[in-house]
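Okay, final22.cif now, which holds mmCIF, C-alpha atoms and all ligand atoms:
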```
data_work
loop_
_atom_site.label_atom_id
_atom_site.label_comp_id
_atom_site.auth_asym_id
_atom_site.auth_seq_id
_atom_site.Cartn_x
_atom_site.Cartn_y
_atom_site.Cartn_z
CA MET A 88 -32.75 54.06 -31.86
CA THR A 89 -33.63 55.24 -35.35
CA GLU A 90 -31.03 54.77 -38.00
CA LYS A 91 -28.97 57.77 -39.03
CA LYS A 92 -29.82 59.29 -42.40
CA GLU A 93 -27.19 59.28 -45.14
CA LEU A 94 -26.81 62.80 -46.49
CA THR A 95 -25.26 61.85 -49.83
CA ASN A 96 -28.57 60.27 -50.80
CA LEU A 97 -30.19 63.71 -50.90
CA THR A 98 -30.32 66.09 -53.84
CA LYS A 99 -29.59 69.74 -53.16
CA GLU A 100 -33.28 70.51 -52.89
CA GLU A 101 -33.92 67.56 -50.62
CA LEU A 102 -31.05 68.65 -48.37
CA GLU A 103 -32.51 72.15 -48.15
CA ASN A 104 -35.89 70.75 -47.21
CA GLU A 105 -34.31 68.51 -44.62
CA ILE A 106 -32.44 71.40 -42.99
CA ILE A 107 -35.50 73.64 -42.99
CA ALA A 108 -37.57 70.82 -41.50
CA ILE A 109 -35.21 70.60 -38.51
CA GLY A 110 -35.64 74.32 -37.92
CA GLU A 111 -32.40 75.65 -39.37
CA LYS A 112 -32.03 78.45 -41.94
CA LYS A 113 -31.82 77.54 -45.63
CA PHE A 114 -28.28 78.92 -46.03
CA ARG A 115 -27.07 76.29 -43.57
CA ALA A 116 -27.94 73.69 -46.20
CA LYS A 117 -25.71 75.51 -48.66
CA GLN A 118 -22.83 75.57 -46.18
CA LEU A 119 -23.28 71.89 -45.50
CA TRP A 120 -23.41 71.15 -49.23
CA GLN A 121 -20.12 72.93 -49.74
CA TRP A 122 -18.49 71.00 -46.93
CA ILE A 123 -19.63 67.70 -48.36
CA TYR A 124 -19.17 68.26 -52.09
CA PHE A 125 -16.70 71.13 -52.44
CA ARG A 126 -14.36 70.26 -49.59
CA GLY A 127 -15.02 66.54 -49.41
CA GLU A 128 -15.41 66.67 -45.65
CA THR A 129 -16.94 63.63 -43.94
CA ASP A 130 -16.50 64.73 -40.33
CA PHE A 131 -19.23 67.08 -39.01
CA GLU A 132 -16.91 68.26 -36.24
CA LYS A 133 -14.58 69.89 -38.77
CA MET A 134 -17.34 72.01 -40.32
CA SER A 135 -16.10 75.11 -38.55
CA ASN A 136 -18.64 77.63 -39.80
CA LEU A 137 -21.54 75.65 -38.38
CA SER A 138 -22.50 76.19 -34.75
CA LEU A 139 -21.42 73.58 -32.24
CA PRO A 140 -24.97 72.50 -31.33
CA PHE A 141 -25.86 72.16 -35.03
CA ARG A 142 -22.75 70.07 -35.67
CA GLN A 143 -23.64 67.86 -32.73
CA PHE A 144 -27.18 67.47 -33.98
CA LEU A 145 -25.89 66.47 -37.40
CA GLN A 146 -23.45 64.02 -35.85
CA GLU A 147 -26.23 62.36 -33.89
CA ASN A 148 -28.71 62.08 -36.73
CA TYR A 149 -26.83 61.91 -40.01
CA THR A 150 -23.90 60.28 -41.76
CA ILE A 151 -21.69 61.21 -44.71
CA SER A 152 -20.20 57.91 -45.77
CA ARG A 153 -17.99 56.56 -48.48
CA PRO A 154 -18.06 53.08 -49.95
CA LYS A 155 -15.38 50.98 -48.26
CA ILE A 156 -12.31 50.05 -50.30
CA VAL A 157 -11.92 46.26 -50.14
CA ALA A 158 -9.23 45.89 -52.76
CA GLU A 159 -7.24 48.19 -54.97
CA GLN A 160 -4.88 47.67 -57.88
CA ILE A 161 -2.79 50.05 -59.92
CA SER A 162 -1.63 48.86 -63.32
CA VAL A 163 1.76 49.58 -64.87
CA ASP A 164 -0.06 52.03 -67.17
CA LYS A 165 -1.50 53.75 -64.05
CA THR A 166 -5.03 52.45 -64.56
CA HIS A 167 -6.42 52.33 -61.04
CA LYS A 168 -9.07 49.87 -60.01
CA TRP A 169 -11.04 49.66 -56.79
CA LEU A 170 -13.35 47.02 -55.40
CA LEU A 171 -15.84 48.90 -53.25
CA GLU A 172 -18.20 47.60 -50.61
CA PHE A 173 -21.42 49.14 -49.34
CA ALA A 174 -23.07 48.88 -45.91
CA ASP A 175 -24.93 45.67 -46.86
CA LYS A 176 -21.63 44.09 -48.03
CA GLU A 177 -22.59 44.25 -51.71
CA ARG A 178 -19.67 45.11 -53.96
CA VAL A 179 -18.99 46.93 -57.21
CA GLU A 180 -15.93 47.98 -59.14
CA MET A 181 -14.69 51.40 -60.13
CA VAL A 182 -11.82 52.24 -62.47
CA TYR A 183 -9.80 55.39 -63.07
CA ILE A 184 -8.24 55.59 -66.51
CA PRO A 185 -5.66 58.36 -66.66
CA GLU A 186 -4.68 60.09 -69.88
CA LYS A 187 -1.74 62.50 -70.10
CA ASP A 188 -3.04 65.36 -67.99
CA ARG A 189 -6.57 64.28 -67.11
CA GLY A 190 -8.66 61.13 -66.94
CA ALA A 191 -12.00 59.43 -66.64
CA VAL A 192 -13.52 57.66 -63.67
CA CYS A 193 -15.73 54.74 -64.65
CA ILE A 194 -18.57 54.31 -62.18
CA SER A 195 -21.12 51.55 -61.57
CA THR A 196 -24.89 51.94 -61.24
CA GLN A 197 -26.07 48.49 -60.14
CA VAL A 198 -24.81 45.44 -58.28
CA GLY A 199 -24.61 42.94 -61.13
CA CYS A 200 -26.72 43.43 -64.24
CA ALA A 201 -29.94 41.85 -65.43
CA MET A 202 -29.19 42.29 -69.13
CA GLY A 203 -27.02 39.20 -69.34
CA CYS A 204 -24.95 40.17 -72.38
CA LYS A 205 -23.00 37.07 -73.35
CA PHE A 206 -19.61 38.77 -73.64
CA CYS A 207 -19.86 40.69 -70.37
CA HIS A 208 -18.48 39.42 -67.11
CA THR A 209 -20.87 41.56 -65.09
CA GLY A 210 -23.73 40.12 -67.11
CA SER A 211 -22.72 36.63 -66.03
CA GLN A 212 -23.16 37.62 -62.38
CA LYS A 213 -26.68 37.81 -61.02
CA PHE A 214 -28.43 41.16 -60.67
CA THR A 215 -28.78 42.02 -57.01
CA ARG A 216 -30.00 45.59 -56.67
CA ASN A 217 -29.83 49.17 -57.85
CA LEU A 218 -27.26 51.44 -56.28
CA THR A 219 -28.57 54.33 -54.20
CA VAL A 220 -27.83 57.96 -55.08
CA GLY A 221 -25.20 58.15 -52.35
CA GLU A 222 -23.53 54.94 -53.52
CA ILE A 223 -23.18 56.30 -57.05
CA VAL A 224 -21.87 59.69 -55.94
CA GLY A 225 -19.76 58.06 -53.23
CA GLN A 226 -17.75 56.14 -55.83
CA PHE A 227 -16.49 59.31 -57.43
CA MET A 228 -15.79 60.78 -53.99
CA VAL A 229 -13.56 57.77 -53.21
CA ALA A 230 -11.56 58.52 -56.36
CA ARG A 231 -11.35 62.18 -55.35
CA ASP A 232 -10.07 61.15 -51.93
CA ALA A 233 -7.42 58.95 -53.53
CA TYR A 234 -6.13 61.73 -55.78
CA ASN A 235 -6.48 64.50 -53.20
CA GLU A 236 -8.82 66.48 -55.37
CA TRP A 237 -10.46 68.41 -52.54
CA PRO A 238 -11.46 71.15 -52.51
CA SER A 239 -12.87 70.85 -56.02
CA PRO A 240 -10.23 72.14 -58.44
CA THR A 241 -11.13 74.39 -61.36
CA ASP A 242 -11.82 72.64 -64.63
CA GLU A 243 -8.41 73.18 -66.20
CA THR A 244 -6.38 71.64 -63.46
CA ARG A 245 -8.42 68.63 -62.48
CA TYR A 246 -6.93 65.23 -62.89
CA LEU A 247 -10.23 63.39 -62.47
CA SER A 248 -11.82 65.41 -65.25
CA ASN A 249 -14.35 63.06 -66.81
CA ILE A 250 -16.90 60.49 -65.74
CA VAL A 251 -18.06 57.53 -67.74
CA VAL A 252 -21.15 55.70 -66.54
CA MET A 253 -19.85 52.44 -67.93
CA GLY A 254 -19.15 50.30 -64.91
CA MET A 255 -21.35 47.50 -63.67
CA GLY A 256 -25.05 47.73 -64.42
CA GLU A 257 -27.48 49.27 -66.89
CA PRO A 258 -27.89 52.96 -65.95
CA LEU A 259 -31.23 53.38 -67.70
CA ASN A 260 -32.69 50.70 -65.46
CA ASN A 261 -31.79 52.82 -62.43
CA LEU A 262 -32.65 56.14 -63.95
CA GLU A 263 -34.13 57.87 -60.90
CA ASN A 264 -31.02 57.41 -58.80
CA VAL A 265 -28.61 57.92 -61.69
CA THR A 266 -30.28 61.24 -62.58
CA LYS A 267 -30.10 62.49 -59.01
CA ALA A 268 -26.50 61.35 -58.67
CA LEU A 269 -25.51 63.13 -61.89
CA ASN A 270 -27.21 66.30 -60.67
CA ILE A 271 -25.08 66.15 -57.54
CA LEU A 272 -21.85 65.39 -59.40
CA THR A 273 -22.37 68.31 -61.80
CA ASP A 274 -23.50 70.90 -59.26
CA CYS A 275 -21.19 73.88 -59.57
CA GLU A 276 -21.18 74.63 -55.85
CA GLY A 277 -19.80 71.18 -55.19
CA ILE A 278 -17.97 68.61 -57.28
CA GLY A 279 -18.74 70.58 -60.44
CA ILE A 280 -17.96 68.15 -63.26
CA SER A 281 -19.37 69.56 -66.50
CA ARG A 282 -22.20 67.56 -68.08
CA ARG A 283 -20.24 67.62 -71.31
CA ARG A 284 -17.52 65.63 -69.61
CA ILE A 285 -19.85 62.84 -68.59
CA THR A 286 -20.82 59.98 -70.89
CA MET A 287 -23.53 57.49 -70.06
CA SER A 288 -23.55 54.17 -71.84
CA THR A 289 -26.67 52.08 -72.36
CA SER A 290 -27.24 48.64 -73.79
CA GLY A 291 -30.17 50.19 -75.64
CA ILE A 292 -33.27 50.53 -73.46
CA ALA A 293 -34.93 52.31 -76.38
CA PRO A 294 -38.04 53.77 -74.71
CA ARG A 295 -35.93 55.47 -72.03
CA ILE A 296 -33.14 56.95 -74.15
CA VAL A 297 -34.74 60.31 -74.96
CA GLU A 298 -36.04 60.79 -71.43
CA ALA A 299 -32.71 59.82 -69.90
CA MET A 300 -30.81 62.27 -72.04
CA GLN A 301 -33.28 65.08 -71.43
CA ARG A 302 -33.11 64.56 -67.71
CA THR A 303 -29.37 64.19 -67.38
CA GLY A 304 -27.97 66.35 -70.20
CA VAL A 305 -24.87 64.19 -70.43
CA ARG A 306 -23.40 62.55 -73.51
CA LEU A 307 -24.89 59.39 -74.92
CA ALA A 308 -23.09 56.18 -75.77
CA VAL A 309 -24.93 53.13 -77.04
CA SER A 310 -23.55 49.61 -76.89
CA LEU A 311 -24.48 48.49 -80.37
CA HIS A 312 -22.01 45.66 -81.00
CA ALA A 313 -23.81 44.34 -84.09
CA PRO A 314 -25.07 45.60 -87.46
CA ASN A 315 -28.30 43.57 -87.46
CA ASN A 316 -30.82 42.00 -85.10
CA TYR A 317 -29.78 38.45 -85.92
CA ILE A 318 -26.25 38.92 -84.57
CA ARG A 319 -27.24 41.32 -81.82
CA SER A 320 -29.85 39.00 -80.33
CA GLN A 321 -27.28 36.22 -80.16
CA ILE A 322 -24.94 38.26 -77.98
CA MET A 323 -27.37 40.65 -76.24
CA PRO A 324 -30.65 39.07 -75.07
CA ILE A 325 -32.14 42.56 -74.46
CA ASN A 326 -32.25 42.95 -78.25
CA ASP A 327 -35.30 40.67 -78.34
CA LYS A 328 -37.11 43.32 -76.34
CA PHE A 329 -35.76 46.48 -78.01
CA SER A 330 -34.60 45.96 -81.57
CA ILE A 331 -31.90 47.88 -83.41
CA GLU A 332 -34.59 49.83 -85.29
CA GLU A 333 -36.18 51.00 -82.05
CA ILE A 334 -32.79 52.08 -80.72
CA MET A 335 -31.96 53.94 -83.94
CA LYS A 336 -35.30 55.74 -83.89
CA ALA A 337 -34.75 56.81 -80.28
CA CYS A 338 -31.26 58.05 -81.19
CA ALA A 339 -32.62 60.05 -84.15
CA GLU A 340 -35.30 61.54 -81.91
CA TYR A 341 -32.66 62.54 -79.38
CA GLN A 342 -30.59 64.29 -82.06
CA LYS A 343 -33.50 66.07 -83.67
CA GLY A 344 -32.84 69.80 -83.92
CA ASP A 345 -29.61 69.82 -81.94
CA HIS A 346 -26.42 69.51 -83.93
CA SER A 347 -24.15 69.36 -80.93
CA ARG A 348 -25.54 65.97 -79.95
CA TYR A 349 -23.13 63.37 -81.18
CA ILE A 350 -23.68 59.76 -80.26
CA THR A 351 -20.91 57.30 -79.59
CA PHE A 352 -21.67 53.77 -80.70
CA GLU A 353 -19.62 51.25 -78.86
CA TYR A 354 -18.79 48.23 -80.93
CA LEU A 355 -17.12 45.27 -79.32
CA LEU A 356 -15.22 43.16 -81.84
CA LEU A 357 -15.72 39.43 -81.40
CA LYS A 358 -13.76 37.07 -83.61
CA GLY A 359 -15.89 35.59 -86.36
CA ILE A 360 -19.11 36.99 -84.90
CA ASN A 361 -19.38 40.66 -85.85
CA ASP A 362 -16.01 41.68 -87.28
CA SER A 363 -16.21 41.04 -91.03
CA GLN A 364 -16.01 43.66 -93.77
CA GLU A 365 -19.59 42.83 -94.65
CA ASN A 366 -20.59 43.58 -91.06
CA ALA A 367 -18.82 46.95 -91.33
CA ARG A 368 -20.67 47.83 -94.54
CA GLU A 369 -24.01 46.83 -93.03
CA LEU A 370 -23.23 49.04 -90.05
CA ILE A 371 -22.54 52.02 -92.30
CA ASN A 372 -25.84 51.54 -94.15
CA LEU A 373 -27.68 51.33 -90.86
CA LEU A 374 -26.36 54.65 -89.59
CA LYS A 375 -26.89 56.34 -92.94
CA LYS A 376 -30.48 55.14 -93.06
CA TYR A 377 -31.24 56.90 -89.80
CA LYS A 378 -29.04 59.94 -90.61
CA LEU A 379 -27.29 59.80 -87.28
CA ARG A 380 -24.36 62.01 -86.36
CA ALA A 381 -22.21 59.47 -84.69
CA LEU A 382 -18.80 58.09 -84.11
CA PHE A 383 -17.71 54.63 -83.19
CA ASN A 384 -15.65 53.39 -80.37
CA LEU A 385 -14.24 50.04 -81.40
CA ILE A 386 -13.55 47.93 -78.35
CA PRO A 387 -11.19 44.96 -78.43
CA PHE A 388 -12.90 42.17 -76.50
CA ASN A 389 -11.43 41.59 -73.07
CA PRO A 390 -11.62 37.82 -72.50
CA TRP A 391 -12.51 36.31 -69.15
CA PRO A 392 -12.45 32.73 -67.89
CA GLY A 393 -15.50 30.78 -69.01
CA CYS A 394 -16.44 33.09 -71.86
CA ALA A 395 -16.79 31.45 -75.26
CA PHE A 396 -15.73 34.45 -77.36
CA GLU A 397 -12.33 35.39 -78.64
CA PRO A 398 -10.96 38.82 -79.45
CA SER A 399 -10.66 39.74 -83.14
CA ASP A 400 -7.19 39.90 -84.66
CA LYS A 401 -5.45 43.23 -84.66
CA LYS A 402 -5.46 43.38 -88.44
CA THR A 403 -9.20 42.64 -88.64
CA ILE A 404 -9.90 45.41 -86.14
CA GLU A 405 -7.77 47.87 -88.12
CA GLU A 406 -9.55 47.03 -91.36
CA PHE A 407 -12.94 47.37 -89.70
CA SER A 408 -11.92 50.77 -88.39
CA LYS A 409 -10.63 51.89 -91.81
CA THR A 410 -13.86 50.95 -93.58
CA LEU A 411 -15.97 52.96 -91.14
CA ASP A 412 -13.56 55.83 -91.35
CA LYS A 413 -13.69 55.93 -95.14
CA ALA A 414 -17.48 56.16 -94.95
CA GLY A 415 -17.15 59.26 -92.78
CA PHE A 416 -17.54 57.72 -89.34
CA ALA A 417 -14.59 58.20 -87.03
CA ALA A 418 -13.89 54.81 -85.51
CA PRO A 419 -10.94 54.87 -83.15
CA VAL A 420 -9.97 51.62 -81.51
CA ARG A 421 -10.07 51.82 -77.74
CA VAL A 422 -6.66 51.15 -76.30
CA ALA A 423 -6.80 48.25 -73.90
CA ARG A 424 -5.80 49.51 -70.46
CA GLY A 425 -4.81 47.82 -67.26
CA GLN A 426 -4.21 44.46 -68.87
CA ASP A 427 -2.14 43.33 -65.91
CA ILE A 428 -4.85 43.99 -63.32
CA LEU A 429 -7.95 42.14 -64.53
CA ALA A 430 -9.37 45.35 -65.92
CA ALA A 431 -12.32 43.77 -67.72
CA CYS A 432 -15.36 44.86 -65.86
CA GLY A 433 -16.42 42.50 -63.09
CA GLN A 434 -13.20 40.53 -62.93
CA LEU A 435 -11.73 41.94 -59.75
CA LYS A 436 -15.04 41.38 -58.02
CA SER A 437 -15.27 37.75 -59.00
CA LYS A 438 -11.65 37.08 -58.14
CA LYS A 439 -12.22 38.43 -54.64
CA GLU A 440 -15.36 36.35 -54.27
CA LYS A 441 -13.40 33.23 -55.17
CA ASP A 442 -10.71 34.19 -52.65
CA LYS A 443 -13.41 34.73 -50.05
CA ASN A 444 -14.84 31.27 -50.69
CA LYS A 445 -11.39 29.71 -50.42
CA SER A 446 -10.72 31.12 -46.96
N1 LIG A 501 -24.64 48.52 -69.26
C1 LIG A 501 -24.11 49.58 -70.02
C2 LIG A 501 -22.89 50.22 -69.41
C3 LIG A 501 -21.89 49.32 -68.76
S1 LIG A 501 -20.99 48.22 -69.82
C4 LIG A 501 -23.83 49.12 -71.43
O1 LIG A 501 -23.87 47.93 -71.68
O2 LIG A 501 -23.60 49.98 -72.27
C5 LIG A 501 -19.80 49.31 -70.56
C6 LIG A 501 -19.22 48.81 -71.86
O3 LIG A 501 -18.31 47.70 -71.67
C7 LIG A 501 -20.27 48.32 -72.85
O4 LIG A 501 -20.09 48.88 -74.11
C8 LIG A 501 -20.02 46.84 -72.83
O5 LIG A 501 -20.51 46.25 -73.98
C9 LIG A 501 -18.52 46.76 -72.68
N2 LIG A 501 -18.05 45.42 -72.31
C10 LIG A 501 -18.70 44.46 -71.62
N3 LIG A 501 -17.96 43.34 -71.52
C11 LIG A 501 -16.80 43.58 -72.15
C12 LIG A 501 -15.61 42.80 -72.39
N4 LIG A 501 -15.49 41.57 -71.93
N5 LIG A 501 -14.60 43.39 -73.08
C13 LIG A 501 -14.71 44.66 -73.52
N6 LIG A 501 -15.80 45.44 -73.33
C14 LIG A 501 -16.83 44.92 -72.65
FE1 LIG A 502 -25.14 44.79 -68.33
FE2 LIG A 502 -23.76 46.45 -69.94
FE3 LIG A 502 -22.71 44.10 -69.13
FE4 LIG A 502 -24.71 44.11 -70.88
S1 LIG A 502 -22.65 44.98 -71.20
S2 LIG A 502 -24.53 42.77 -69.07
S3 LIG A 502 -25.92 45.82 -70.15
S4 LIG A 502 -23.21 45.84 -67.83
#
```

In structure tokens, what does this structure look like?
Ligand code: SAH
Ligand code: SF4
Amino acid sequence: MTEKKELTNLTKEELENEIIAIGEKKFRAKQLWQWIYFRGETDFEKMSNLSLPFRQFLQENYTISRPKIVAEQISVDKTHKWLLEFADKERVEMVYIPEKDRGAVCISTQVGCAMGCKFCHTGSQKFTRNLTVGEIVGQFMVARDAYNEWPSPTDETRYLSNIVVMGMGEPLNNLENVTKALNILTDCEGIGISRRRITMSTSGIAPRIVEAMQRTGVRLAVSLHAPNNYIRSQIMPINDKFSIEEIMKACAEYQKGDHSRYITFEYLLLKGINDSQENARELINLLKKYKLRALFNLIPFNPWPGCAFEPSDKKTIEEFSKTLDKAGFAAPVRVARGQDILAACGQLKSKKEKDKNKS
């Protein structure tokens, strides 16, 4: 018996081709698309406007699956975290971070990460594989299931309003699948999240930044975390391959001629490593040199067992923020969320693995 084909791995065009290839009319692909991505339906039998023989054929040859929920935690501040498992038992995490009347879902793009950033819990786990298109899209669909956001609500009323590609993995190292997944997530006949409400964060794979942004049309965030190569290489090994200058040049190229393109620079504050006033001034000079339109997102370090770094003091973070702000760069401090539920990326996964080994 041949294995059934997973429909969420297909782009809209690929789905159309698939349906035409089995001898059905093209508009059937559109109906199917709406069932899957507008209504969130996973059961072919319930797709009432498709003929019974067609439904049966789909049932026999295709699947519409969701990642399996292995563990789930909801923090006192309503931050919601899932540990998800795919068919081959590999696992990733997803987080929903609610604001007052909307919120962002943080999705993963790889199992583990090969970049090995020293402060990152995911980076301390080995890289296993890229996620498929369906596995990336499926994460958001799990969140939609949990918050009953089917059929797709209009923009104003949706609770799961934003997506941040900031979970486990380096999205630019899985660009093919990430691009296809983002095309599915933003399609207006389906899930319909606006590209402006999606932010993709990269550790700075400089030669792919412009291409990635052209292909996806989402917002760019860059994990900078240091004002110079000396510090950055100590905490992010990838910096030896793509230096700060290369990243800055790619960012400037991306912004060329389009004033709406703001870049968010994420800056993780590590005590005694990158949090001094001198570091802040060096950072300002760096951005001015490349004339970037940017804002900062200052991230308090989320410690995890076995990590050598410590978070910066509150006062140091505030002063760092003020200095950037005075120089004309907005630099809000990210509010730590879900502190009671191991919210630092990768932590729920490793806790479960330890539990698994115990039993
Ligand atoms: N690989 C991409 C996207 C995923 S990481 C990237 O590195 O940009 C998302 C963000 O979480 C990055 O800015 C990363 O530096 C940050 N991060 C990693 N470990 C962290 C920790 N322990 N505490 C706080 N933020 C962390
Ligand atoms: Fe990978 Fe991003 Fe973690 Fe670095 S910070 S190890 S790039 S997930």

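Neighbouring residues of Leu145 of chain A at 12 Å or closer, counting all atoms listed in the file and skipping chain neighbours under 2 positions away, are Lys91, Lys92, Glu93, Leu94, Glu105, Ile106, Ile109, Glu111, Arg115, Ala116, Leu119, Thr129, Asp130, Phe131, Glu132, Lys133, Met134, Leu137, Ser138, Leu139, Pro140, Phe141, Arg142, Gln143, Glu147, Asn148, Tyr149, Thr150 and Ile151 of chain A.
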
Taking only C-alpha atoms and all ligand atoms into account, produce a table as CSV in which each residue of chain A with an atom at most 6 Å from an atom of ligand LIG 502 (chain A) appears once, together with its shortest atom pair and the distance in Å to one decimal, ordered by chain and rising number.
```
residue,atom,partner,partner_atom,distance
A:Cys200,CA,A:LIG502,FE1,4.6
A:Met202,CA,A:LIG502,S2,4.7
A:Gly203,CA,A:LIG502,S2,4.4
A:Cys204,CA,A:LIG502,FE4,4.2
A:Cys207,CA,A:LIG502,FE3,4.6
A:Thr209,CA,A:LIG502,FE3,5.1
A:Gly210,CA,A:LIG502,S2,3.4
A:Met255,CA,A:LIG502,S4,4.8
A:Gly256,CA,A:LIG502,S4,4.3
A:Glu257,CA,A:LIG502,S3,5.0
A:Ser290,CA,A:LIG502,S3,4.8
```

Query raised in the report: Smallest atom-to-atom distance to ligand LIG 501 (chain A): which of A:Cys338, A:Cys193, A:Ala293, A:Ala367, using all atoms listed in the file?
Result: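 The shortest atom-to-atom distance to ligand LIG 501 (chain A) comes from A:Cys193.
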
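Of note, atom CA of Ser239 of chain A and atom CA of Gly277 of chain A are spaced 7.0 Å apart.
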
Query raised in the report: Can I get the residues close to ligand LIG 501 (chain A) as a count of residues only, where close means within 6 Å and we count all atoms listed in the file?
Result: 19

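In this structure, atom CA of Asn326 of chain A sits 19.5 Å away from atom CA of Leu262 of chain A.
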
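Shortest separation to Phe227 of chain A among A:Lys358, A:Arg126, A:Arg319, A:Arg153 occurs at residue A:Arg153, atoms counted being only C-alpha atoms.
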
Query raised in the report: Closest to Val297 of chain A among A:Arg178, A:Tyr341, A:Ser330, A:Ile318, using only C-alpha atoms?
Result: A:Tyr341

Report task. Have a look at atom CA of Pro294 of chain A and atom CA of Ile271 of chain A and let me know their distance in Å, one decimal. Result ->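 We find that atom CA of Pro294 of chain A and atom CA of Ile271 of chain A lie 24.8 Å from each other.
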
Report task. Go through A:Leu357, A:Val220, A:Ala233, A:Thr410 and flag the residue nearest Ile161 of chain A, using all atoms listed in the file for the distances. Result ->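 Comparing A:Leu357, A:Val220, A:Ala233, A:Thr410 against Ile161 of chain A, the winner is A:Ala233.
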
Requested in this report: With all atoms listed in the file counted, which protein, DNA or RNA residues have an atom no more than 7 Å from (-27.9, 66.5, -55.1) in the file frame? Please answer as JSON, numbers by chain.
Outcome: {"A": [97, 98, 99, 267, 268, 270, 271]}

Requested in this report: Find the residue from A:Asn260, A:Ser320, A:Thr166, A:Gln121 that sits nearest to Pro238 of chain A; use all atoms listed in the file when measuring.
Outcome: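 Looking only at the distances to Pro238 of chain A, the closest residue turns out to be A:Gln121.
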
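Residue nearest Asn261 of chain A, chosen from A:Leu218, A:Glu298, A:Trp391, A:Asn249 and counting all atoms listed in the file: A:Leu218.
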
Excluding same-chain residues fewer than 4 positions from Val229 of chain A, what lies within 9 Å of it counting all atoms listed in the file, as a PDB file with C-alpha atoms, in the coordinates of the input?
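The resulting part.pdb:
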```
ATOM      1  CA  ARG A 153     -17.990  56.560 -48.480  1.00  0.00           C
ATOM      2  CA  PRO A 154     -18.060  53.080 -49.950  1.00  0.00           C
ATOM      3  CA  LYS A 155     -15.380  50.980 -48.260  1.00  0.00           C
ATOM      4  CA  ILE A 156     -12.310  50.050 -50.300  1.00  0.00           C
ATOM      5  CA  VAL A 224     -21.870  59.690 -55.940  1.00  0.00           C
ATOM      6  CA  GLY A 225     -19.760  58.060 -53.230  1.00  0.00           C
ATOM      7  CA  ALA A 233      -7.420  58.950 -53.530  1.00  0.00           C
ATOM      8  CA  TYR A 234      -6.130  61.730 -55.780  1.00  0.00           C
TER       9      TYR A 234
END
```

File output for segment 395-405 of chain A (N, CA, C and O atoms) as a PDB file, in the first residue's frame:
```pdb
ATOM      1  N   ALA A 395      25.774  29.311  31.296  1.00  0.00           N
ATOM      2  CA  ALA A 395      26.725  30.082  32.101  1.00  0.00           C
ATOM      3  C   ALA A 395      26.324  31.548  32.274  1.00  0.00           C
ATOM      4  O   ALA A 395      26.858  32.222  33.154  1.00  0.00           O
ATOM      5  N   PHE A 396      25.406  32.048  31.476  1.00  0.00           N
ATOM      6  CA  PHE A 396      25.089  33.480  31.526  1.00  0.00           C
ATOM      7  C   PHE A 396      24.079  33.830  32.607  1.00  0.00           C
ATOM      8  O   PHE A 396      23.316  32.991  33.052  1.00  0.00           O
ATOM      9  N   GLU A 397      24.118  35.125  32.944  1.00  0.00           N
ATOM     10  CA  GLU A 397      23.137  35.625  33.906  1.00  0.00           C
ATOM     11  C   GLU A 397      22.390  36.798  33.283  1.00  0.00           C
ATOM     12  O   GLU A 397      22.961  37.526  32.475  1.00  0.00           O
ATOM     13  N   PRO A 398      21.146  36.995  33.688  1.00  0.00           N
ATOM     14  CA  PRO A 398      20.434  38.149  33.146  1.00  0.00           C
ATOM     15  C   PRO A 398      20.998  39.459  33.698  1.00  0.00           C
ATOM     16  O   PRO A 398      21.498  39.491  34.823  1.00  0.00           O
ATOM     17  N   SER A 399      20.946  40.525  32.914  1.00  0.00           N
ATOM     18  CA  SER A 399      21.387  41.837  33.394  1.00  0.00           C
ATOM     19  C   SER A 399      20.412  42.348  34.446  1.00  0.00           C
ATOM     20  O   SER A 399      19.243  41.957  34.460  1.00  0.00           O
ATOM     21  N   ASP A 400      20.912  43.246  35.301  1.00  0.00           N
ATOM     22  CA  ASP A 400      20.030  43.843  36.314  1.00  0.00           C
ATOM     23  C   ASP A 400      18.993  44.726  35.634  1.00  0.00           C
ATOM     24  O   ASP A 400      19.256  45.288  34.577  1.00  0.00           O
ATOM     25  N   LYS A 401      17.893  44.876  36.336  1.00  0.00           N
ATOM     26  CA  LYS A 401      16.796  45.681  35.793  1.00  0.00           C
ATOM     27  C   LYS A 401      17.260  47.101  35.467  1.00  0.00           C
ATOM     28  O   LYS A 401      16.952  47.658  34.419  1.00  0.00           O
ATOM     29  N   LYS A 402      18.033  47.658  36.410  1.00  0.00           N
ATOM     30  CA  LYS A 402      18.487  49.043  36.234  1.00  0.00           C
ATOM     31  C   LYS A 402      19.413  49.167  35.008  1.00  0.00           C
ATOM     32  O   LYS A 402      19.317  50.120  34.226  1.00  0.00           O
ATOM     33  N   THR A 403      20.291  48.203  34.838  1.00  0.00           N
ATOM     34  CA  THR A 403      21.206  48.213  33.682  1.00  0.00           C
ATOM     35  C   THR A 403      20.411  48.160  32.377  1.00  0.00           C
ATOM     36  O   THR A 403      20.717  48.863  31.420  1.00  0.00           O
ATOM     37  N   ILE A 404      19.378  47.330  32.377  1.00  0.00           N
ATOM     38  CA  ILE A 404      18.545  47.200  31.168  1.00  0.00           C
ATOM     39  C   ILE A 404      17.848  48.533  30.874  1.00  0.00           C
ATOM     40  O   ILE A 404      17.832  49.002  29.742  1.00  0.00           O
ATOM     41  N   GLU A 405      17.315  49.147  31.924  1.00  0.00           N
ATOM     42  CA  GLU A 405      16.617  50.428  31.744  1.00  0.00           C
ATOM     43  C   GLU A 405      17.554  51.497  31.198  1.00  0.00           C
ATOM     44  O   GLU A 405      17.195  52.268  30.308  1.00  0.00           O
TER      45      GLU A 405
END
```
